[in-house]
file protein_23.cif (mmCIF, C-alpha atoms)
data_start
loop_
_atom_site.label_atom_id
_atom_site.label_comp_id
_atom_site.auth_asym_id
_atom_site.auth_seq_id
_atom_site.Cartn_x
_atom_site.Cartn_y
_atom_site.Cartn_z
CA MET I 25 137.29 86.50 74.90
CA THR I 26 138.53 84.06 72.26
CA PRO I 27 138.76 85.20 68.60
CA LEU I 28 135.96 82.81 67.66
CA ALA I 29 133.66 84.38 70.28
CA GLY I 30 134.41 87.82 68.83
CA TYR I 31 133.41 86.76 65.32
CA LEU I 32 130.31 84.98 66.61
CA LEU I 33 129.25 88.09 68.54
CA VAL I 34 129.67 90.28 65.44
CA ALA I 35 127.61 87.77 63.45
CA ALA I 36 124.91 87.69 66.15
CA LEU I 37 124.76 91.51 66.17
CA LEU I 38 124.51 91.64 62.38
CA PHE I 39 121.81 88.96 62.40
CA SER I 40 119.79 90.93 64.96
CA ILE I 41 120.16 94.14 62.95
CA GLY I 42 118.92 92.32 59.85
CA LEU I 43 116.03 90.77 61.79
CA ALA I 44 115.05 94.17 63.20
CA GLY I 45 115.14 95.65 59.69
CA ALA I 46 113.06 92.83 58.23
CA LEU I 47 110.47 93.12 61.00
CA THR I 48 110.17 96.91 61.28
CA ARG I 49 110.62 98.49 57.85
CA ARG I 50 107.57 99.25 55.71
CA ASN I 51 109.15 98.86 52.29
CA ALA I 52 109.35 95.35 50.83
CA ILE I 53 112.83 95.95 49.35
CA LEU I 54 114.17 96.99 52.76
CA VAL I 55 112.76 93.75 54.18
CA LEU I 56 114.75 91.85 51.53
CA ILE I 57 117.86 93.84 52.53
CA GLY I 58 117.32 92.73 56.13
CA ILE I 59 117.07 89.09 54.99
CA GLU I 60 120.33 89.47 53.03
CA LEU I 61 122.03 90.80 56.17
CA MET I 62 120.82 87.78 58.14
CA LEU I 63 122.13 85.35 55.49
CA ASN I 64 125.49 87.12 55.52
CA ALA I 65 125.72 86.87 59.30
CA ALA I 66 125.16 83.12 59.01
CA ASN I 67 127.96 82.94 56.42
CA LEU I 68 130.31 84.73 58.83
CA ASN I 69 129.49 82.09 61.46
CA LEU I 70 130.25 79.27 59.00
CA ILE I 71 133.59 80.76 57.97
CA ALA I 72 134.60 81.47 61.58
CA PHE I 73 133.82 77.91 62.67
CA TRP I 74 135.73 76.59 59.65
CA ARG I 75 138.78 78.70 60.56
CA TYR I 76 138.91 77.89 64.27
CA GLY I 77 137.32 74.45 64.40
CA PRO I 78 139.06 71.09 64.02
CA HIS I 79 139.98 69.83 60.51
CA PRO I 80 140.01 73.07 58.48
CA GLU I 81 141.69 71.13 55.67
CA ALA I 82 138.39 69.29 55.01
CA LEU I 83 136.91 72.69 53.94
CA THR I 84 133.41 71.79 55.12
CA GLY I 85 132.49 75.22 56.50
CA MET I 86 133.99 77.00 53.51
CA MET I 87 131.96 74.85 51.07
CA PHE I 88 128.81 75.47 53.11
CA ALA I 89 129.43 79.23 52.93
CA ILE I 90 130.04 79.15 49.16
CA TYR I 91 126.80 77.23 48.51
CA SER I 92 124.99 79.56 50.89
CA ILE I 93 126.20 82.57 48.86
CA ALA I 94 124.88 80.96 45.65
CA VAL I 95 121.47 80.20 47.19
CA ALA I 96 121.26 83.75 48.59
CA ALA I 97 121.87 85.16 45.10
CA ALA I 98 118.98 83.07 43.72
CA GLU I 99 116.77 84.21 46.60
CA ALA I 100 117.56 87.89 45.93
CA ALA I 101 116.70 87.54 42.22
CA VAL I 102 113.34 85.86 42.85
CA GLY I 103 112.46 88.19 45.75
CA LEU I 104 113.16 91.36 43.78
CA GLY I 105 111.22 90.00 40.78
CA LEU I 106 108.24 89.42 43.09
CA VAL I 107 108.54 92.95 44.53
CA ILE I 108 108.57 94.48 41.04
CA GLN I 109 105.49 92.48 40.02
CA ILE I 110 103.66 93.43 43.23
CA TYR I 111 104.52 97.09 42.62
CA ARG I 112 103.08 96.83 39.11
CA HIS I 113 99.90 95.27 40.49
CA ALA I 114 99.31 97.34 43.65
CA LYS I 115 101.27 100.54 42.74
CA THR I 116 103.02 100.41 46.11
CA THR I 117 105.78 98.51 47.89
CA ASP I 118 104.47 99.48 51.34
CA LEU I 119 103.86 96.23 53.21
CA ASP I 120 101.28 97.81 55.54
CA HIS I 121 99.06 98.44 52.51
CA MET I 122 99.36 94.85 51.22
CA ASN I 123 96.72 93.25 53.40
CA ARG I 124 94.78 91.19 50.87
CA MET I 125 95.63 87.76 49.51
CA LYS I 126 93.33 88.25 46.49
CA GLY I 127 94.24 90.99 44.00
CA MET U 7 141.70 90.00 69.19
CA SER U 8 143.54 92.28 66.83
CA LEU U 9 142.90 95.93 66.05
CA VAL U 10 142.05 95.00 62.44
CA PHE U 11 139.19 92.83 63.67
CA TYR U 12 137.74 95.66 65.76
CA ILE U 13 137.95 98.16 62.88
CA LEU U 14 136.37 95.75 60.39
CA SER U 15 133.58 94.67 62.71
CA ALA U 16 132.79 98.31 63.59
CA LEU U 17 132.62 99.11 59.85
CA THR U 18 130.37 96.12 59.15
CA VAL U 19 127.98 96.76 62.03
CA ALA U 20 127.82 100.50 61.22
CA GLY U 21 127.01 99.67 57.59
CA GLY U 22 124.30 97.22 58.66
CA LEU U 23 122.75 99.72 61.08
CA ALA U 24 122.74 102.48 58.47
CA ALA U 25 121.19 100.10 55.89
CA VAL U 26 118.30 99.45 58.26
CA LEU U 27 117.84 102.95 59.67
CA LEU U 28 118.33 105.46 56.83
CA ARG U 29 115.32 107.17 55.23
CA ASN U 30 116.41 107.33 51.59
CA MET U 31 116.45 103.83 50.12
CA VAL U 32 119.35 104.47 47.74
CA HIS U 33 121.42 105.49 50.77
CA CYS U 34 120.30 102.26 52.43
CA VAL U 35 121.73 100.21 49.56
CA LEU U 36 125.01 102.16 49.69
CA ALA U 37 125.26 101.40 53.42
CA LEU U 38 124.43 97.75 52.66
CA THR U 39 127.32 97.68 50.20
CA VAL U 40 129.63 98.96 52.96
CA ALA U 41 128.39 96.14 55.21
CA PHE U 42 129.01 93.55 52.46
CA ALA U 43 132.52 94.92 51.89
CA GLY U 44 133.22 94.79 55.63
CA LEU U 45 132.07 91.16 55.70
CA ALA U 46 134.30 90.31 52.73
CA LEU U 47 137.26 91.87 54.58
CA LEU U 48 136.35 89.86 57.69
CA PHE U 49 136.41 86.70 55.53
CA LEU U 50 139.87 87.68 54.27
CA ASN U 51 140.90 88.31 57.88
CA LEU U 52 139.81 84.72 58.63
CA ASP U 53 142.15 83.39 55.88
CA ALA U 54 139.17 82.47 53.65
CA GLN U 55 140.38 84.18 50.49
CA PHE U 56 138.05 82.39 48.09
CA ALA U 57 134.93 83.11 50.14
CA GLY U 58 136.01 86.74 50.57
CA PHE U 59 136.42 87.36 46.84
CA ALA U 60 133.23 85.40 46.06
CA GLN U 61 131.45 87.66 48.55
CA ILE U 62 132.74 90.78 46.76
CA LEU U 63 131.78 89.42 43.32
CA VAL U 64 128.34 88.10 44.22
CA TYR U 65 127.10 90.59 46.79
CA ILE U 66 128.71 93.90 45.82
CA GLY U 67 128.82 93.10 42.13
CA ALA U 68 125.41 91.50 41.65
CA VAL U 69 123.01 91.67 44.60
CA ALA U 70 123.60 95.35 45.46
CA ILE U 71 123.18 96.36 41.80
CA LEU U 72 120.01 94.24 41.56
CA VAL U 73 118.55 95.95 44.64
CA VAL U 74 119.36 99.39 43.18
CA PHE U 75 117.54 98.43 39.95
CA ALA U 76 114.51 97.22 41.94
CA ILE U 77 114.42 100.47 43.95
CA LEU U 78 114.57 102.63 40.84
CA LEU U 79 111.95 100.49 39.03
CA THR U 80 109.54 100.79 41.96
CA ARG U 81 110.24 104.49 42.63
CA GLY U 82 111.29 103.52 46.13
CA SER U 83 113.60 106.52 46.43
CA GLU U 84 110.55 108.63 47.25
CA THR U 85 110.11 108.31 51.00
CA SER U 86 106.69 107.31 52.23
CA ARG U 87 104.45 109.92 53.86
CA ASP U 88 103.53 107.87 56.92
CA GLY U 89 107.09 107.10 58.05
CA ILE U 90 109.58 104.39 57.20
CA PHE U 91 108.81 101.98 60.03
CA SER U 92 105.75 99.80 60.16
CA ARG U 93 103.01 100.12 62.79
CA THR U 94 104.29 97.12 64.73
CA TRP U 95 107.91 98.31 64.91
CA LEU U 96 108.09 98.01 68.69
CA ALA U 97 107.28 94.28 68.62
CA GLY U 98 109.82 93.71 65.83
CA LEU U 99 112.52 95.57 67.74
CA ALA U 100 111.74 93.59 70.90
CA ALA U 101 111.96 90.29 68.98
CA ALA U 102 115.33 91.27 67.45
CA ALA U 103 116.69 92.38 70.84
CA ALA U 104 115.55 89.11 72.40
CA VAL U 105 117.25 87.11 69.63
CA PHE U 106 120.47 89.04 70.15
CA ALA U 107 120.31 88.52 73.92
CA VAL U 108 119.89 84.75 73.52
CA LEU U 109 122.64 84.47 70.86
CA GLY U 110 125.07 86.62 72.85
CA TRP U 111 124.39 84.70 76.05
CA ALA U 112 124.93 81.38 74.24
CA VAL U 113 128.18 82.58 72.64
CA LEU U 114 129.64 83.96 75.86
CA HIS U 115 128.71 80.97 78.03
CA SER U 116 129.65 78.06 75.81
CA MET U 117 133.17 78.85 74.60
CA ARG U 118 136.02 76.44 75.05
CA GLN U 119 139.47 76.81 73.60
CA LEU U 120 139.59 75.48 70.05
CA PRO U 121 142.71 73.86 68.59
CA HIS U 122 143.33 76.15 65.62
CA GLU U 123 143.60 79.59 67.16
CA THR U 124 147.27 79.99 66.32
CA THR U 125 147.81 77.78 63.27
CA VAL U 126 146.70 79.14 59.92
CA PRO U 127 144.96 76.64 57.61
CA ASP U 128 146.83 76.30 54.34
CA VAL U 129 144.11 76.18 51.70
CA THR U 130 144.55 76.94 48.02
CA VAL U 131 141.90 77.64 45.40
CA LYS U 132 143.07 74.46 43.64
CA GLN U 133 142.00 72.37 46.64
CA ILE U 134 138.60 74.08 46.69
CA GLY U 135 138.14 73.39 42.98
CA GLN U 136 139.12 69.74 43.32
CA LEU U 137 136.70 69.28 46.23
CA LEU U 138 133.93 71.00 44.26
CA VAL U 139 134.17 68.45 41.45
CA SER U 140 134.84 65.39 43.60
CA ARG U 141 133.26 65.27 47.04
CA TYR U 142 130.78 68.15 46.61
CA VAL U 143 129.81 67.52 42.97
CA LEU U 144 126.17 66.63 43.69
CA PRO U 145 125.48 69.89 45.60
CA LEU U 146 127.26 71.75 42.79
CA GLU U 147 124.90 70.26 40.20
CA ILE U 148 121.87 70.99 42.38
CA VAL U 149 122.99 74.61 42.86
CA ALA U 150 123.43 74.91 39.09
CA VAL U 151 119.86 73.71 38.51
CA LEU U 152 118.60 75.95 41.31
CA LEU U 153 120.28 79.05 39.87
CA THR U 154 118.92 78.33 36.37
CA VAL U 155 115.39 77.77 37.66
CA ALA U 156 115.53 80.81 39.95
CA LEU U 157 116.79 83.20 37.27
CA ILE U 158 114.31 82.00 34.63
CA GLY U 159 111.56 82.17 37.25
CA ALA U 160 112.58 85.70 38.27
CA VAL U 161 112.47 86.86 34.65
CA ILE U 162 109.03 85.25 34.12
CA ILE U 163 107.65 86.74 37.35
CA ALA U 164 108.92 90.24 36.59
CA MET U 165 107.99 90.11 32.89
CA GLN U 166 105.38 92.61 31.73
CA GLU U 167 102.11 90.86 30.97
CA LYS U 168 100.68 91.54 27.51
CA GLU U 169 97.45 93.49 27.39
CA GLU U 170 94.78 90.97 26.37
CA SER U 171 92.36 93.55 24.97
CA GLN U 172 94.68 94.53 22.16
#
call {"tool": "encode", "arguments": {"input": "protein_23.cif", "output": "structure tokens"}}
result
Amino acid sequence: MTPLAGYLLVAALLFSIGLAGALTRRNAILVLIGIELMLNAANLNLIAFWRYGPHPEALTGMMFAIYSIAVAAAEAAVGLGLVIQIYRHAKTTDLDHMNRMKG
Amino acid sequence: MSLVFYILSALTVAGGLAAVLLRNMVHCVLALTVAFAGLALLFLNLDAQFAGFAQILVYIGAVAILVVFAILLTRGSETSRDGIFSRTWLAGLAAAAAVFAVLGWAVLHSMRQLPHETTVPDVTVKQIGQLLVSRYVLPLEIVAVLLTVALIGAVIIAMQEKEESQ
């Protein structure tokens, strides 16, 4: 197994763990945590391809990962703000109880 | 494959699993922080120092703290009576397992030798900074606008609405 394949397998495993968490947990904040894990797994892929691919001096993968980290931070802020507002409105963060589009 | 890689990946995957499986949500965030730290160390192991330290600053320093605040504001540390997994957990688990099977199969069956497995890329923070303000300056500006809009939007969404009757 090449080093790149090892990193890609770890990233795939982490992505699947995050996907399983986002799809199976009841609490909205835990779903956001699963999404963060998936974004991080994608970042690991980008950095690994940058390190082992051709032309690492062009820094393309590294730049992609840095921008991805910034976008993920914005996503976390908006997502948690939405969860707090939903909790204030519905008095719960349990996704199985949020089954109406209209308040 | 070095021993360091195996230790770091075991730490990261264990942190991720604990973040998804634990009952108490504060413990989940602590496990998530372990996973983020393991990922930052994996970045350092891949000679990406800047991305590794940015990962520590942004994820451990900001995102994990933000999630803890959200949990405490929503009283999420009280565990739900009807279990922590949703009713359709079996379908979700099957979808995640299928995704992992496809990704793992693709990784293991498409690998060729790549040219840079022995040479270490020599990249300094100065080069990253110069690229950020020359070749990647338009994405940098867009990310700046995005972060401003997202943070103002998050504050407005989470802001307490004034009672209109008073």
call {"tool": "resolve_selection", "arguments": {"input": "protein_23.cif", "expression": "the PyMOL selection byres ((chain U and resi 129) around 10)", "output": "JSON, numbers by chain"}}
result
{"I": [80, 81, 82, 83], "U": [53, 54, 55, 56, 126, 127, 128, 130, 131, 132, 133, 134]}
call {"tool": "resolve_selection", "arguments": {"input": "protein_23.cif", "expression": "the PyMOL selection byres ((chain I and resi 84-92) around 6)", "output": "list in words"}}
result
Asn67, Leu70, Ile71, Trp74, Ala82, Leu83, Ile93, Ala94 and Val95 of chain I
call {"tool": "resolve_selection", "arguments": {"input": "protein_23.cif", "expression": "the PyMOL selection byres ((chain U) within 6 of (chain I))", "output": "PDB file with C-alpha atoms, in the frame of the given file"}}
result
ATOM      1  CA  MET U   7     141.700  90.000  69.190  1.00  0.00           C
ATOM      2  CA  VAL U  26     118.300  99.450  58.260  1.00  0.00           C
ATOM      3  CA  ILE U  90     109.580 104.390  57.200  1.00  0.00           C
ATOM      4  CA  PHE U  91     108.810 101.980  60.030  1.00  0.00           C
ATOM      5  CA  SER U  92     105.750  99.800  60.160  1.00  0.00           C
ATOM      6  CA  TRP U  95     107.910  98.310  64.910  1.00  0.00           C
ATOM      7  CA  GLY U  98     109.820  93.710  65.830  1.00  0.00           C
ATOM      8  CA  LEU U  99     112.520  95.570  67.740  1.00  0.00           C
ATOM      9  CA  ALA U 102     115.330  91.270  67.450  1.00  0.00           C
ATOM     10  CA  PHE U 106     120.470  89.040  70.150  1.00  0.00           C
ATOM     11  CA  HIS U 122     143.330  76.150  65.620  1.00  0.00           C
ATOM     12  CA  GLU U 123     143.600  79.590  67.160  1.00  0.00           C
ATOM     13  CA  LEU U 153     120.280  79.050  39.870  1.00  0.00           C
ATOM     14  CA  ALA U 156     115.530  80.810  39.950  1.00  0.00           C
ATOM     15  CA  ALA U 160     112.580  85.700  38.270  1.00  0.00           C
ATOM     16  CA  ILE U 163     107.650  86.740  37.350  1.00  0.00           C
ATOM     17  CA  ALA U 164     108.920  90.240  36.590  1.00  0.00           C
TER      18      ALA U 164
END
call {"tool": "atom_distance", "arguments": {"input": "protein_23.cif", "atom1": "CA of Val40 in chain U", "atom2": "CA of Ala25 in chain U"}}
result
9.0 Å
call {"tool": "atom_distance", "arguments": {"input": "protein_23.cif", "atom1": "CA of Leu48 in chain U", "atom2": "CA of Ala103 in chain U"}}
result
23.8 Å
call {"tool": "atom_distance", "arguments": {"input": "protein_23.cif", "atom1": "CA of Val73 in chain U", "atom2": "CA of Thr39 in chain U"}}
result
10.5 Å
call {"tool": "closest_residue", "arguments": {"input": "protein_23.cif", "among": "U:Arg81, U:Pro145, U:Leu45, U:Met165", "to": "Ala57 in chain U", "atoms": "all atoms listed in the file"}}
result
U:Leu45
call {"tool": "closest_residue", "arguments": {"input": "protein_23.cif", "among": "U:Leu114, U:Ala101, U:Ala41, U:Ile148", "to": "Ile62 in chain U", "atoms": "all atoms listed in the file"}}
result
U:Ala41
call {"tool": "residues_near_point", "arguments": {"input": "protein_23.cif", "point": "(141.4, 94.7, 64.5)", "cutoff": "12 Å", "atoms": "all atoms listed in the file", "output": "VMD selection string"}}
result
(chain I and resid 27 30 to 31) or (chain U and resid 7 to 17 47 to 48 51 to 52)
call {"tool": "closest_residue", "arguments": {"input": "protein_23.cif", "among": "U:Phe49, U:Ala60, U:Thr80, U:Thr125", "to": "His113 in chain I", "atoms": "only C-alpha atoms"}}
result
U:Thr80
